[in-house]
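S.K.: Quick one: the structure is below, and I'll ask about it shortly.
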Amino acid sequence: MTVDTVLTASLRGEAIKTTCAYCGVGCGVLATVDADRHFSISGDLEHPANFGRLCVKGSALGETVGLEGRLLYPAIGGVRADWDHTTTYIASQLKDIIAEHGPEAVAFYVSGQFLTEDYYVVNKLAKGFIGTPNVDTNSRLCMSSAVAGHKRAFGTDTVPNSYEDFEHADLLTFVGSNAAWCHPILYQRIKKAKANNPEMKIVSIDPRKTDTNEIVDLHLPIKSGMDVLLFNYLLVEVSKSPALNTTYIDQFTDGLADALLAAQRDVALGDVAERLGVDGVTLAQFVEWFIATPKAMTLFSMGVNQSGQGTDKVNAIINVHLATGRIGSEGAGPFSLTGQPNAMGGREVGGLANMLAAHLDIHEPSHRALVQDFWQSPTMIEKQGLKAVDLFDAVATGKVKAVWIMATNPIVSMPNADRVRDALANCPLVIVSDVIADTDCTRVADVVLPALGWGEKDGTVTNSERCISRQRGILAGAGESRADWWALAQVAQKMGFEGFDYQSARDVFVEHAALSGVDNQEGGVLRDFDISALSALTQGEYDALNPIQWPIKLVDQKLVGTQRLFEQGGFFTTNRRAKIVPVQNVATGNVTSNEFPYALNTGRIRDQWHTMTRTGLTSRLTRHIGEPFAELNPKDAEKLHVSSGDILQINSQWGQALARVIISDGQQPGMVFVPIHWNGINSTQSRIGAVVNPVVDPYSGQPECKHTPVMLKKAALNTHGFIMSLNSLNLIKADYAVNVRTLNGFRHEFAFTDDMLHETNLNLSEWLSSQVVVPVQAERMEYIDLAQGIVRFAWVLDQQLIAFAAIASNPDARATLPPRSWLDDQLGQEVSSVTRRTLLSGLAADPNSDVGPIVCSCFSVGKNTITRAIHAQNLTTVAAVGQCLKAGTNCGSCQSEIFRLLEQECKPVASAV
Amino acid sequence: MQAQILPATQENSNPKRARLVVIGNGMAAMRTVEELLHLEPDLYDITVIGREPHGNYNRIMLSPVLSGEKSFQEIMLHTPEWYVMHGIKLISGIVAESVHRKRREVTLSNGGVVGYDRLLIATGSNPFVIPMPGHQHPSVIQFRDIQDVEKMVEAAANLSGQRAIVLGGGLLGLEAANGLVKRGVKVTVVHDIDYLLNRQLDREAANLLQAALESRGIEFVIGVKSDHIVIDEAGNMCGLAFKDREMIECSMLVMAVGVRPNVALAKSMGLQVDKAVLTDDTMQTSDPRVYAVGECVQHRGALFGLVAPLFDQAKVCASHLAEHGIRRYIQKATATTLKVTGVNLYSAGDFSGEGSEALIMRDHSNSVYKKLFIKDNKLVGAVLYGDIQDGVAYFDLIQRGADISAQRHTLIFTPDHTSDDSSVKELQGAA
C-alpha cells in the first residue's frame, strides 16, 4: 500500500495499523477514521509491545488530532506565505547567515517525536551539507545518559534485551522509574507477569513512593542522586558472592578490578544504608535478592538519566549485570525505558550533536569518511556539536544565529527555560515546525511551518526494545501541513544541495537502511545497528512492514530480527569486550543550602505528555490532574504552613514557578515534586523548566532535571478565582493563571497577589464579568458577599450552564471558593430547578432540597417536604405533621391542605393493608 | 369576699369559679382562651364578648376569601358550637361599652352588664382612614373584617369594568388588590413611598414583586401623595386626586394604609395607655386584674400586627391567667409573608442594612432574589423573594443569634439551622 492507498483504505473505514505517538513503549494501534476526522482507536493485538493494550493517553489519541489549535499554513513574520516562498526564504536566510558567520551559526533542535525519516534528513542536511554539527534533540533531556552509558560499556548504543524478558524475570528492579504512570503498558505487562509468577519480586529504587509501588515488594526510597553508591555497594557485595560470574567476566569484559576498587572506595566512606537514607534491613534484602536471582532485570528511566551523574549511574547499573553475566539473556539484563516514541530512531540516524549516523562516531575519521562517501556530501563535520543546554547558551550569546526547532517546545522543557525563551526571542532567525499554532516557541518564531500530526505522518519509529514499527499516514495532512523530512529536503534543495530529492518517506528510509550496512563487517566498520536488509524495500513492502527488532538479517529471503544481544559477549568495542566502568558517587551539581533548602524533582504525570500541546486538548486527559502541582511531604507542608490546594511558590536561583500543593507521604521530607507539563500558553507561571538548574552530565550533556535546590513558600496570593466556560478564553492576566480543559469546556484558574477588592478597589463584579464571553441572551445568576470580596456568576442559556465565574478577594480567599470537580461536570449540562437553587454554591444540591410548592406559608413548608415526612415517619394526622415539621401550627390555614395530602399519601398504604 | 365575686347579672353554673371576661373575639383573644383551657380547663367561667356577629375566624385568611380561593366557612376557627362545647358564653354582635373597674363590671352596648374577676382586653385595631376630603363616601372601603370583604365582593360584582383604587401598597393593600383583580376588577394600587411593602422588603425585592403583580394585571402608581377623593355632583365617586399628578378615575377606593390600636375602651377605663395599652412582660395592664393581648397592646414600646407575636403573648397571658405565673413575654424577630397565591416573599429581622454585611443571591430570570444581613457573624435579617423555602431556617438562626461564620459561604443556598451547639445538646439530651 502506498500512502494514497492507506488513505483510501482508511476512508473505506478499514482499521489501519500504526503506532502510538507518545512514550517509548511504542505500542501498536489500530486506527479507523471517518470523513470528519473522527477516530476510533484500539490496541493492535499483534504488536509485540502491547498485544492489544493501550493506556489512557494512547486510547485518547483520536481526541487530540482534531483541527483545534492546528497550525495550518506556513508564515513568515506572522504573515501567511506558501511553502515555495517560505522554503526559498529559509534557504536564502540560512545561506546569508552561513556566509557571514560560518555554518556553525546554524543549529537544529529536533525531537524524539520525529519519525526516523525526518531525523535522517535533518542530520544529513546539517552534518554533511551545511556543515554544522549543531543538531541536537529533546532526547538529550530524555535518555542521552543511557546512550552514553551504553556506548561506554558496550561500545555502541544498544539495549541488550526485549520487553518479553520482563515476563521471564524473577527479580525486576525499577530505578528512577514511575512506570505505572510513564510506561503504563509495560507496567501492566509486568503486573500481569507477577500475577502469573508469585515468586517474582519487584523492587523500586526511587526517592518517591509512586503508583508503581502498587506491585512493589521492596521500596528503597534512597536520597536523590545516590544511585551510584547503591549499585557500587551491590557490585561489592556481588563480588563477594557466588553471583560473581567469573566466566563471563573473563571471557567478555574488561575493567572489573578498577571498577571494584572504585566501588569499594565509595562504600568505605561510611555506612551505606545511612548515606542512602534507607534502613539496613531493606538494603540487605535487596542485595540478597539480587545475588540470589539469576533472572534479574533492572529497568531504569529518567530518575537515572536526568542527572549530573546520569552516565555513571547507567554504568553502575550495567556493571552489576556484566559482573553477574546477567545480560542479553532470557529474563536478565539492564534495560533503559525511554521516554519518547522514537528516541531510539533518532539515535540510529545520529540525530544528536555527539553522534554521526548509523551508530558511527564523529571522532573516528574512517567513520566520517564512510558517511561522507555514502552521502556524496560536500562537507563533513569533524567534531561534536553543541548539546541542548550549550546549544541554547550559544543562541543566547549570539554564536548561533539561526535555529530551526522541530516538533518540540524547549521554552517549556529545557532547564533554565526563561533564559532559553529570552535567547530565542533575541535570535535573528527562529524557524519553528509544529502541529500546534500557539505554543511558547511559535510565539518567538520568525518563520512557522505546519507539520503533519500523528495519524497524518508516515514513516518509522524505534521503541525502547529496538523494535522498528511503521507509523502510518491515515489522514491527509491538515491544511497545508507537510512532512518534516519534506520541508527539510525542500530547503536543502533550495540551498543548492543534491541528494535530497526524496519522493516519499520510503525513499529516505531505504537510504538510511543502506547506510547501516555500508562496510558493516568484521574487519570493516563493524556495528550492531544493521538494517540493511531493509534497504531494498519497495514502497509496498515498506508500507506493509511488520514490527521488527534490529539488527535485522535476511535469512532465506525472510527478515529476521534480534531479540537479545551480548549473552555471549560480542560487544562493539575495539576488542569486542564490554567495559566495566569504574564509577564513584558524587554530589549533585548543586546542593541544597540554607537559602535553597529543598530539592526539586520533576517528572511526568499519568495522563499528560510533554508540554501538553496535544494531550491538553482532551478532558479525558485533564480530569485526572488539571492543574500544575507541587507534591510535598506532610512534615514539610506543616513547616511551610501550606495546606492542600494552596499555591506554592518555588524559587531557584534560575527562576520561579507556582503550583498547587499536594500533600503526600510518598514524597520524602526535603523534596518537592513538580510535573514538567505546564507551558507558557496554558499557565502564567507554572513552567517548571524555568526553575530547573542547567547542570548537565559531563558525558551525556543530559540536564539534572531531578535535582534543583529550591526555596519554597506559600505564594502570597490574596485574590483567587476561576472561570468555567464552554468556549476557551485567553489566559487571564494574573499572577497565577492556568487554563484547564474540562469535560465540556474550559476552566481558567487565576490568583492575584493583591487583595483586589481591598487593595486595588477593583469592582469585582465588573472585572469578573468582563473576563467572560457569553451571548447577550444568557441568563445571569449572581452571588455576592462583598464584605468578604466574594462574587460568583453563573450563566444559563436554554436551561444549560454555559459559564460559571467565581472570585474571592480576602486573606482566606482560596478556601472560600467552591470546589471545582462537580461544577466542571455541570458545565454544558442542563440545570434542573433543584440544581439551579444552589448552583452558585458550587455544591451538588441535596435532592431533598426541592421542597415543592409551599403549603404552610408561616413556616415555609413545601408539599414535597410534607409528603416525604409522611412516608419517612409514618405520619397519619395533621397534628403529627405539625409536630414534625411545624407546618400548620401557626395560622393553621394550611391544615386542610395537609389533611388532603395525608389522605392522598396514606390511602395506598391503607388499601394495601 | 365570696359575695363580691358573684356574677352581677348572669347565672353562674359554678358559683365557686372565678369569672374571666374576654373583650374581643379575635385571634389573639381566642388563642389565649385555648391556651388557658389547655392549662386549666376548669378554673374560670369564661365569657367572650365579640363585636362581630359570629364565632372566631382566621383574619389572616380574609385575602383568600376576597380572591375567591377560600370560603368564609373554610377560615372559621371557632364556631358557635365550639363555645358551647367548652362551656364558654359567647356574646357576639355586641360591643363592650364601658368597664367599671371598681365594681369589676363590663357594660355592654345592649345594656347588659357582665361581672368579672379577671378581664382580658383584646380589642385589636381599627383600620386607619386618611381624613382626606371624601373619605366618608360609602365607596371608600376598609379591609379589616369579613363585612369589609363582603362589601368588596359585592362592589366588585357591580363595578363592570370600572376601576378600583387600593390606597396603600402594604401587605393588606396588595392582598386586597390581588383579590379584586381575581374578581375581574381593574385595580390600581397607589402607594406614597417609592417602593412597595417598604416595611417588609428592600427596594430590589419590591421591584420584583411589583413586576410580578403587574404581570397579573395590577397597575401601580408609586411615590405619589394623594390629595382628595373626587366625588361628582350626583354623589358618585369619580377618582382620586393627587398633589403632584393628574387624577386617576375610580369607582371604589380601598383604604389600606395601616391600622391603629383600638384603645378607646382601655382609655375610658383609666388604664395606662400610650399608643396602645401598656402591659408588662406578663401581659398584665396597669390594673392587676386586667390583661391585654394582641394588636391593642404596647409592650416595651412596641406595637404588634403580625400573628406570631400575638400567639406568643397568648401563651404568656394564659399561663398567668391559669395562675401558673411562669412565663414572660419576650419580643422576637418577626417574619412576614404575603398571602398572594404564587407570589413568594419572606422577610425577617433587621434588613435595614445598617452596620451589617450583606449576602446577595440573584436569579432574576427565575424571579429569585435573596438577601441576608449579617452582623458580628450572626444572621440579623433576611429578605427572600421567589424562593422562600429557607425562610424559617433563617428566621430560626436570627432568633437564636447563632454564629453563622462556619456556614457563611453556603448560608444563602443551604442554611443549616440545626447544627448549633444548643440543638446538638438537645439531641443528646433526648437520646
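Each chain in the C-alpha cells gets a letter, A, B, ..., in the order shown, and its residues are numbered from 1; ligands are numbered from 1 in order too.
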Could you list, as a PyMOL selection string, every residue within 6 Å of stretch 283-296 of chain B, counting only C-alpha atoms and ignoring same-chain residues fewer than 4 positions away?

M.R.: chain B and resi 28+118-125+261-262+271-272+276+278-279+304-305+310+317

S.K.: Using N, CA and C atoms, can you export the residues from the last selection as an mmCIF file, in the first residue's frame?

M.R.:
data_model
loop_
_atom_site.group_PDB
_atom_site.id
_atom_site.type_symbol
_atom_site.label_atom_id
_atom_site.label_comp_id
_atom_site.auth_asym_id
_atom_site.auth_seq_id
_atom_site.Cartn_x
_atom_site.Cartn_y
_atom_site.Cartn_z
ATOM 1 N N ALA B 28 -56.102 36.760 68.757
ATOM 2 C CA ALA B 28 -55.286 36.845 69.977
ATOM 3 C C ALA B 28 -56.105 36.406 71.176
ATOM 4 N N ARG B 118 -61.305 38.416 86.439
ATOM 5 C CA ARG B 118 -60.173 38.744 85.561
ATOM 6 C C ARG B 118 -60.763 39.237 84.245
ATOM 7 N N LEU B 119 -60.069 40.246 83.693
ATOM 8 C CA LEU B 119 -60.547 40.794 82.428
ATOM 9 C C LEU B 119 -59.409 40.726 81.412
ATOM 10 N N LEU B 120 -59.738 40.245 80.232
ATOM 11 C CA LEU B 120 -58.742 40.220 79.158
ATOM 12 C C LEU B 120 -59.200 41.148 78.041
ATOM 13 N N ILE B 121 -58.348 42.126 77.754
ATOM 14 C CA ILE B 121 -58.691 43.062 76.694
ATOM 15 C C ILE B 121 -57.942 42.667 75.426
ATOM 16 N N ALA B 122 -58.716 42.406 74.382
ATOM 17 C CA ALA B 122 -58.109 42.028 73.099
ATOM 18 C C ALA B 122 -58.932 42.686 72.010
ATOM 19 N N THR B 123 -58.935 44.004 72.071
ATOM 20 C CA THR B 123 -59.819 44.754 71.175
ATOM 21 C C THR B 123 -59.213 45.020 69.810
ATOM 22 N N GLY B 124 -57.977 44.564 69.650
ATOM 23 C CA GLY B 124 -57.400 44.638 68.300
ATOM 24 C C GLY B 124 -57.144 46.045 67.830
ATOM 25 N N SER B 125 -57.328 46.230 66.541
ATOM 26 C CA SER B 125 -57.035 47.541 65.981
ATOM 27 C C SER B 125 -58.105 47.923 64.978
ATOM 28 N N PRO B 261 -54.162 50.867 66.941
ATOM 29 C CA PRO B 261 -54.676 50.049 68.046
ATOM 30 C C PRO B 261 -56.012 50.614 68.548
ATOM 31 N N ASN B 262 -56.908 49.709 68.861
ATOM 32 C CA ASN B 262 -58.228 50.102 69.334
ATOM 33 C C ASN B 262 -58.180 50.210 70.859
ATOM 34 N N LEU B 271 -57.022 52.785 82.219
ATOM 35 C CA LEU B 271 -55.766 52.023 82.169
ATOM 36 C C LEU B 271 -54.683 52.901 81.577
ATOM 37 N N GLN B 272 -53.443 52.539 81.861
ATOM 38 C CA GLN B 272 -52.342 53.301 81.262
ATOM 39 C C GLN B 272 -52.239 52.961 79.793
ATOM 40 N N ALA B 276 -50.822 52.360 72.660
ATOM 41 C CA ALA B 276 -51.735 51.248 72.900
ATOM 42 C C ALA B 276 -51.685 50.937 74.390
ATOM 43 N N LEU B 278 -50.621 49.671 77.699
ATOM 44 C CA LEU B 278 -49.316 49.260 78.190
ATOM 45 C C LEU B 278 -49.446 47.979 79.007
ATOM 46 N N THR B 279 -48.554 47.029 78.706
ATOM 47 C CA THR B 279 -48.522 45.807 79.524
ATOM 48 C C THR B 279 -47.093 45.563 79.971
ATOM 49 N N PHE B 304 -47.874 45.589 67.761
ATOM 50 C CA PHE B 304 -47.825 44.280 67.099
ATOM 51 C C PHE B 304 -48.902 44.166 66.033
ATOM 52 N N GLY B 305 -48.554 43.603 64.894
ATOM 53 C CA GLY B 305 -49.528 43.470 63.822
ATOM 54 C C GLY B 305 -49.517 42.100 63.178
ATOM 55 N N LEU B 310 -48.517 37.671 68.548
ATOM 56 C CA LEU B 310 -49.804 37.605 69.243
ATOM 57 C C LEU B 310 -49.975 36.252 69.915
ATOM 58 N N CYS B 317 -49.882 35.089 78.531
ATOM 59 C CA CYS B 317 -51.052 35.585 79.254
ATOM 60 C C CYS B 317 -51.832 34.430 79.877
#

S.K.: Counting only C-alpha atoms, which residues of chain B fall within 10 Å of chain A, and what is the closest atom pair for each with its distance in Å at one decimal, ordered by chain and rising number, as a tab-separated table?

M.R.:
residue	atom	partner	partner_atom	distance
B:Met27	CA	A:Cys891	CA	9.2
B:Asn58	CA	A:Cys891	CA	7.5
B:Arg59	CA	A:Cys891	CA	9.4
B:Ile60	CA	A:Cys891	CA	7.5
B:Met61	CA	A:Ser893	CA	7.1
B:Glu74	CA	A:Ser893	CA	8.5
B:Ile75	CA	A:Ser893	CA	7.1
B:Met76	CA	A:Ser893	CA	9.7
B:Leu77	CA	A:Gly892	CA	8.8
B:Val307	CA	A:Cys891	CA	7.3
B:Ala308	CA	A:Asn890	CA	7.1
B:Phe311	CA	A:Asn890	CA	8.2
B:Ala335	CA	A:Cys858	CA	8.3
B:Thr336	CA	A:Cys858	CA	8.1
B:Thr337	CA	A:Ser857	CA	6.8
B:Leu338	CA	A:Ser857	CA	8.5
B:Lys339	CA	A:Ser857	CA	8.1
B:Thr341	CA	A:Ile854	CA	9.8
B:Gly342	CA	A:Pro853	CA	9.0
B:Asn344	CA	A:Ile854	CA	8.5
B:Leu345	CA	A:Ser857	CA	9.5
B:Tyr346	CA	A:Ser860	CA	8.9
B:Ser356	CA	A:Ala787	CA	9.3
B:Glu357	CA	A:Ala787	CA	6.0
B:Ala358	CA	A:Asp785	CA	6.2
B:Leu359	CA	A:Asp785	CA	4.6
B:Ile360	CA	A:Ile784	CA	5.0
B:Met361	CA	A:Tyr783	CA	4.4
B:Arg362	CA	A:Glu782	CA	5.1
B:Asp363	CA	A:Met781	CA	4.5
B:His364	CA	A:Met781	CA	7.1
B:Ser365	CA	A:Glu779	CA	6.3
B:Asn366	CA	A:Glu779	CA	8.9
B:Val368	CA	A:Arg837	CA	9.0
B:Tyr369	CA	A:Glu782	CA	9.6
B:Lys370	CA	A:Tyr783	CA	9.3
B:Lys371	CA	A:Ile784	CA	9.4
B:Leu372	CA	A:Asp785	CA	9.6
B:Ile374	CA	A:Ala787	CA	9.9
B:Asp387	CA	A:Arg837	CA	8.3
B:Ile388	CA	A:Ser860	CA	6.6
B:Gln389	CA	A:Ser860	CA	5.1
B:Asp390	CA	A:Ser860	CA	7.0
B:Gly391	CA	A:Ser860	CA	6.4
B:Val392	CA	A:Phe859	CA	5.4
B:Ala393	CA	A:Phe859	CA	8.8
B:Phe395	CA	A:Phe859	CA	9.3
B:Arg408	CA	A:Asp785	CA	9.3
B:His409	CA	A:Thr816	CA	7.0
B:Thr410	CA	A:Ser841	CA	6.0
B:Leu411	CA	A:Ser841	CA	9.1
B:Ile412	CA	A:Ser841	CA	8.4
B:Phe413	CA	A:Thr838	CA	5.1
B:Thr414	CA	A:Thr838	CA	7.2

S.K.: What lies within 6 Å of B:Arg163 using only C-alpha atoms, ignoring chain neighbours under 2 positions off, as a list in words?

M.R.: Lys186, Val187, Cys250 and Ser251 of chain B

S.K.: Let me see the file: selected residues, C-alpha atoms, as a PDB file, in the first residue's frame.

M.R.:
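Saved to again_6.pdb:
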ATOM      1  CA  LYS B 186     -59.389  46.741  37.176  1.00  0.00           C
ATOM      2  CA  VAL B 187     -57.129  47.757  40.042  1.00  0.00           C
ATOM      3  CA  CYS B 250     -62.111  55.049  40.125  1.00  0.00           C
ATOM      4  CA  SER B 251     -65.471  53.943  41.395  1.00  0.00           C
TER       5      SER B 251
END

S.K.: May I have the residues within 12 Å of B:Tyr195 as a compact mmCIF listing (two decimals) with N, CA and C atoms, in the first residue's frame, using only C-alpha atoms and disregarding those fewer than 2 positions away in the same chain?

M.R.:
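The file below, out-v5.txt, is the result:
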# COMPACT_ATOMS: atom_id res chain seq x y z
N GLY B 168 -52.53 52.28 49.33
CA GLY B 168 -51.64 51.61 50.29
C GLY B 168 -51.02 50.37 49.67
N GLY B 169 -49.71 50.39 49.54
CA GLY B 169 -49.01 49.25 48.96
C GLY B 169 -48.34 48.40 50.01
N GLY B 170 -49.04 48.22 51.13
CA GLY B 170 -48.54 47.31 52.16
C GLY B 170 -49.13 45.93 51.96
N VAL B 189 -52.99 50.25 42.34
CA VAL B 189 -52.52 50.44 43.72
C VAL B 189 -51.77 51.76 43.78
N VAL B 190 -52.15 52.57 44.75
CA VAL B 190 -51.48 53.86 44.93
C VAL B 190 -50.70 53.79 46.25
N HIS B 191 -49.40 54.11 46.14
CA HIS B 191 -48.55 53.96 47.32
C HIS B 191 -47.69 55.21 47.45
N ASP B 192 -47.58 55.74 48.66
CA ASP B 192 -46.89 57.03 48.79
C ASP B 192 -45.37 56.90 48.85
N ILE B 193 -44.83 55.75 49.25
CA ILE B 193 -43.38 55.55 49.24
C ILE B 193 -42.99 55.03 47.85
N LEU B 197 -44.35 47.58 49.88
CA LEU B 197 -44.01 46.82 51.10
C LEU B 197 -42.73 47.33 51.75
N ASN B 198 -42.65 48.66 51.83
CA ASN B 198 -41.39 49.23 52.29
C ASN B 198 -41.04 48.85 53.72
N ARG B 199 -42.02 48.34 54.45
CA ARG B 199 -41.68 47.90 55.81
C ARG B 199 -41.30 46.43 55.86
N GLN B 200 -41.56 45.71 54.77
CA GLN B 200 -41.27 44.28 54.77
C GLN B 200 -40.16 43.89 53.79
N LEU B 201 -39.90 44.74 52.81
CA LEU B 201 -38.95 44.35 51.77
C LEU B 201 -37.93 45.46 51.53
N ASP B 202 -36.85 45.10 50.89
CA ASP B 202 -35.97 46.13 50.37
C ASP B 202 -36.42 46.48 48.94
N ARG B 203 -35.81 47.48 48.41
CA ARG B 203 -36.27 48.02 47.14
C ARG B 203 -36.20 46.96 46.01
N GLU B 204 -35.12 46.19 46.01
CA GLU B 204 -34.93 45.24 44.91
C GLU B 204 -36.00 44.15 44.90
N ALA B 205 -36.30 43.64 46.10
CA ALA B 205 -37.35 42.62 46.18
C ALA B 205 -38.69 43.24 45.81
N ALA B 206 -38.88 44.48 46.27
CA ALA B 206 -40.15 45.16 45.98
C ALA B 206 -40.34 45.33 44.48
N ASN B 207 -39.26 45.65 43.78
CA ASN B 207 -39.37 45.81 42.33
C ASN B 207 -39.75 44.50 41.65
N LEU B 208 -39.18 43.40 42.14
CA LEU B 208 -39.54 42.10 41.58
C LEU B 208 -41.01 41.80 41.85
N LEU B 209 -41.42 42.11 43.07
CA LEU B 209 -42.82 41.88 43.43
C LEU B 209 -43.74 42.71 42.54
N GLN B 210 -43.38 43.96 42.38
CA GLN B 210 -44.21 44.85 41.56
C GLN B 210 -44.34 44.30 40.14
N ALA B 211 -43.21 43.84 39.60
CA ALA B 211 -43.25 43.29 38.24
C ALA B 211 -44.16 42.06 38.18
N PHE B 220 -49.77 50.07 39.08
CA PHE B 220 -49.20 50.73 40.26
C PHE B 220 -48.89 52.19 39.95
N VAL B 221 -49.20 53.02 40.94
CA VAL B 221 -48.74 54.41 40.90
C VAL B 221 -48.02 54.62 42.23
N ILE B 222 -46.73 54.84 42.10
CA ILE B 222 -45.86 54.71 43.27
C ILE B 222 -45.22 56.06 43.58
N GLY B 223 -45.05 56.31 44.87
CA GLY B 223 -44.32 57.51 45.29
C GLY B 223 -45.11 58.79 45.04
N VAL B 224 -46.40 58.71 45.24
CA VAL B 224 -47.25 59.89 44.99
C VAL B 224 -48.03 60.25 46.25

S.K.: Pull the strand (DSSP E) assignments for stretch 97-318 of chain B out of DSSP run on the backbone, and list those residues as an mmCIF file with C-alpha atoms, in the first residue's frame.

M.R.:
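states.cif written:
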data_model
loop_
_atom_site.group_PDB
_atom_site.id
_atom_site.type_symbol
_atom_site.label_atom_id
_atom_site.label_comp_id
_atom_site.auth_asym_id
_atom_site.auth_seq_id
_atom_site.Cartn_x
_atom_site.Cartn_y
_atom_site.Cartn_z
ATOM 1 C CA GLU B 97 -69.213 49.956 76.022
ATOM 2 C CA SER B 98 -67.539 50.549 79.323
ATOM 3 C CA VAL B 99 -65.874 48.892 82.235
ATOM 4 C CA HIS B 100 -66.280 49.769 85.863
ATOM 5 C CA GLU B 105 -68.323 45.062 85.605
ATOM 6 C CA VAL B 106 -68.480 45.344 81.881
ATOM 7 C CA THR B 107 -71.395 47.217 80.434
ATOM 8 C CA LEU B 108 -72.481 46.081 77.030
ATOM 9 C CA VAL B 113 -73.656 44.006 82.457
ATOM 10 C CA VAL B 114 -71.094 41.253 82.918
ATOM 11 C CA GLY B 115 -69.081 40.926 86.094
ATOM 12 C CA ARG B 118 -60.173 38.744 85.561
ATOM 13 C CA LEU B 119 -60.547 40.794 82.428
ATOM 14 C CA LEU B 120 -58.742 40.220 79.158
ATOM 15 C CA ILE B 121 -58.691 43.062 76.694
ATOM 16 C CA SER B 125 -57.035 47.541 65.981
ATOM 17 C CA ASN B 126 -59.002 49.690 63.636
ATOM 18 C CA PRO B 127 -58.055 50.416 60.103
ATOM 19 C CA VAL B 140 -64.427 54.007 50.480
ATOM 20 C CA ILE B 141 -63.937 50.563 51.977
ATOM 21 C CA GLN B 142 -61.512 49.315 54.571
ATOM 22 C CA ARG B 163 -61.533 50.900 38.205
ATOM 23 C CA ALA B 164 -60.911 50.364 41.893
ATOM 24 C CA ILE B 165 -58.053 52.086 43.632
ATOM 25 C CA VAL B 166 -56.308 50.436 46.508
ATOM 26 C CA LEU B 167 -54.652 53.100 48.582
ATOM 27 C CA LYS B 186 -59.389 46.741 37.176
ATOM 28 C CA VAL B 187 -57.129 47.757 40.042
ATOM 29 C CA THR B 188 -54.585 50.483 40.555
ATOM 30 C CA VAL B 189 -52.521 50.436 43.717
ATOM 31 C CA VAL B 190 -51.484 53.860 44.933
ATOM 32 C CA HIS B 191 -48.549 53.964 47.322
ATOM 33 C CA GLU B 219 -51.356 48.696 37.956
ATOM 34 C CA PHE B 220 -49.196 50.734 40.257
ATOM 35 C CA VAL B 221 -48.738 54.406 40.896
ATOM 36 C CA ILE B 222 -45.858 54.708 43.267
ATOM 37 C CA SER B 226 -52.874 61.619 47.287
ATOM 38 C CA ASP B 227 -54.920 64.721 47.936
ATOM 39 C CA HIS B 228 -58.625 64.033 47.900
ATOM 40 C CA ILE B 229 -61.308 61.718 46.681
ATOM 41 C CA VAL B 230 -63.223 63.255 43.810
ATOM 42 C CA ILE B 231 -66.980 62.988 44.077
ATOM 43 C CA MET B 237 -67.048 58.544 43.346
ATOM 44 C CA CYS B 238 -65.060 59.660 40.282
ATOM 45 C CA GLY B 239 -61.470 59.192 41.267
ATOM 46 C CA LEU B 240 -58.516 60.048 43.399
ATOM 47 C CA ALA B 241 -56.793 63.373 43.009
ATOM 48 C CA PHE B 242 -53.098 63.887 43.790
ATOM 49 C CA ILE B 248 -56.917 58.574 38.458
ATOM 50 C CA GLU B 249 -60.514 57.605 37.877
ATOM 51 C CA MET B 252 -64.255 52.320 44.544
ATOM 52 C CA LEU B 253 -61.402 53.001 46.866
ATOM 53 C CA VAL B 254 -59.994 50.514 49.335
ATOM 54 C CA MET B 255 -58.200 52.304 52.107
ATOM 55 C CA VAL B 259 -54.149 50.198 61.452
ATOM 56 C CA ARG B 260 -54.368 51.974 64.785
ATOM 57 C CA PRO B 261 -54.676 50.049 68.046
ATOM 58 C CA VAL B 277 -52.479 49.549 76.168
ATOM 59 C CA LEU B 278 -49.316 49.260 78.190
ATOM 60 C CA THR B 279 -48.522 45.807 79.524
ATOM 61 C CA VAL B 290 -56.806 43.252 83.684
ATOM 62 C CA TYR B 291 -54.652 41.652 80.994
ATOM 63 C CA ALA B 292 -54.283 42.600 77.363
ATOM 64 C CA VAL B 297 -51.057 46.110 73.238
ATOM 65 C CA GLN B 298 -47.922 48.162 73.645
ATOM 66 C CA HIS B 299 -45.116 46.142 75.179
#

S.K.: Quick one: pick out all alpha helix (DSSP H) residues within stretch 246-342 of chain B from a backbone DSSP run and write them as an NGL selection string.

M.R.: :B and (264-269 or 307-321)

S.K.: Show which residues sit within 9 Å of stretch 736-740 of chain A, as a VMD selection string. Count only C-alpha atoms, and ignore same-chain residues fewer than 2 positions away.

M.R.: chain A and resid 616 619 622 to 623 626 to 628 647 658 to 659 678 681 to 686 717 720 722 728 to 734 742 745 to 753

S.K.: Determine, counting only C-alpha atoms, which protein, DNA and RNA residues have an atom within 9 Å of an atom of A:Asn727; residues of the same chain fewer than 4 positions away are not included. Present the result as a ChimeraX atom specification.

M.R.: /A:744-746,773-774,802-803

S.K.: Calculate how many Å separate atom CA of B:Ala155 from atom CA of B:Val65, rounding to one decimal.

M.R.: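 Rounded to one decimal, the two atoms are 14.7 Å apart.
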
S.K.: Using only C-alpha atoms, which residues sit within 9 Å of B:Ala333 once same-chain residues fewer than 4 positions away are excluded, as JSON, numbers by chain?

M.R.: {"B": [309, 348, 349, 350, 380, 381, 395, 398, 399]}

S.K.: Keeping only N, CA and C atoms, write the selected residues as an mmCIF file, in the first residue's frame.

M.R.:
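part-v6.cif written:
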data_model
loop_
_atom_site.group_PDB
_atom_site.id
_atom_site.type_symbol
_atom_site.label_atom_id
_atom_site.label_comp_id
_atom_site.auth_asym_id
_atom_site.auth_seq_id
_atom_site.Cartn_x
_atom_site.Cartn_y
_atom_site.Cartn_z
ATOM 1 N N PRO B 309 -46.240 37.051 67.109
ATOM 2 C CA PRO B 309 -46.091 37.593 68.467
ATOM 3 C C PRO B 309 -47.394 37.559 69.256
ATOM 4 N N ALA B 348 -37.575 38.806 57.378
ATOM 5 C CA ALA B 348 -37.491 38.626 58.825
ATOM 6 C C ALA B 348 -36.335 39.436 59.366
ATOM 7 N N GLY B 349 -36.488 39.863 60.595
ATOM 8 C CA GLY B 349 -35.388 40.515 61.290
ATOM 9 C C GLY B 349 -35.107 41.915 60.769
ATOM 10 N N ASP B 350 -33.861 42.304 60.928
ATOM 11 C CA ASP B 350 -33.463 43.673 60.592
ATOM 12 C C ASP B 350 -32.826 43.677 59.209
ATOM 13 N N VAL B 380 -28.892 38.592 61.066
ATOM 14 C CA VAL B 380 -29.833 39.500 61.755
ATOM 15 C C VAL B 380 -31.059 39.793 60.911
ATOM 16 N N GLY B 381 -30.990 39.525 59.631
ATOM 17 C CA GLY B 381 -32.164 39.831 58.823
ATOM 18 C C GLY B 381 -32.134 39.073 57.518
ATOM 19 N N PHE B 395 -35.048 32.452 59.860
ATOM 20 C CA PHE B 395 -35.750 33.039 60.987
ATOM 21 C C PHE B 395 -35.248 32.414 62.297
ATOM 22 N N ILE B 398 -31.858 33.706 63.059
ATOM 23 C CA ILE B 398 -31.951 35.082 63.563
ATOM 24 C C ILE B 398 -32.386 35.065 65.019
ATOM 25 N N GLN B 399 -33.405 34.289 65.291
ATOM 26 C CA GLN B 399 -33.948 34.272 66.648
ATOM 27 C C GLN B 399 -32.952 33.724 67.653
#
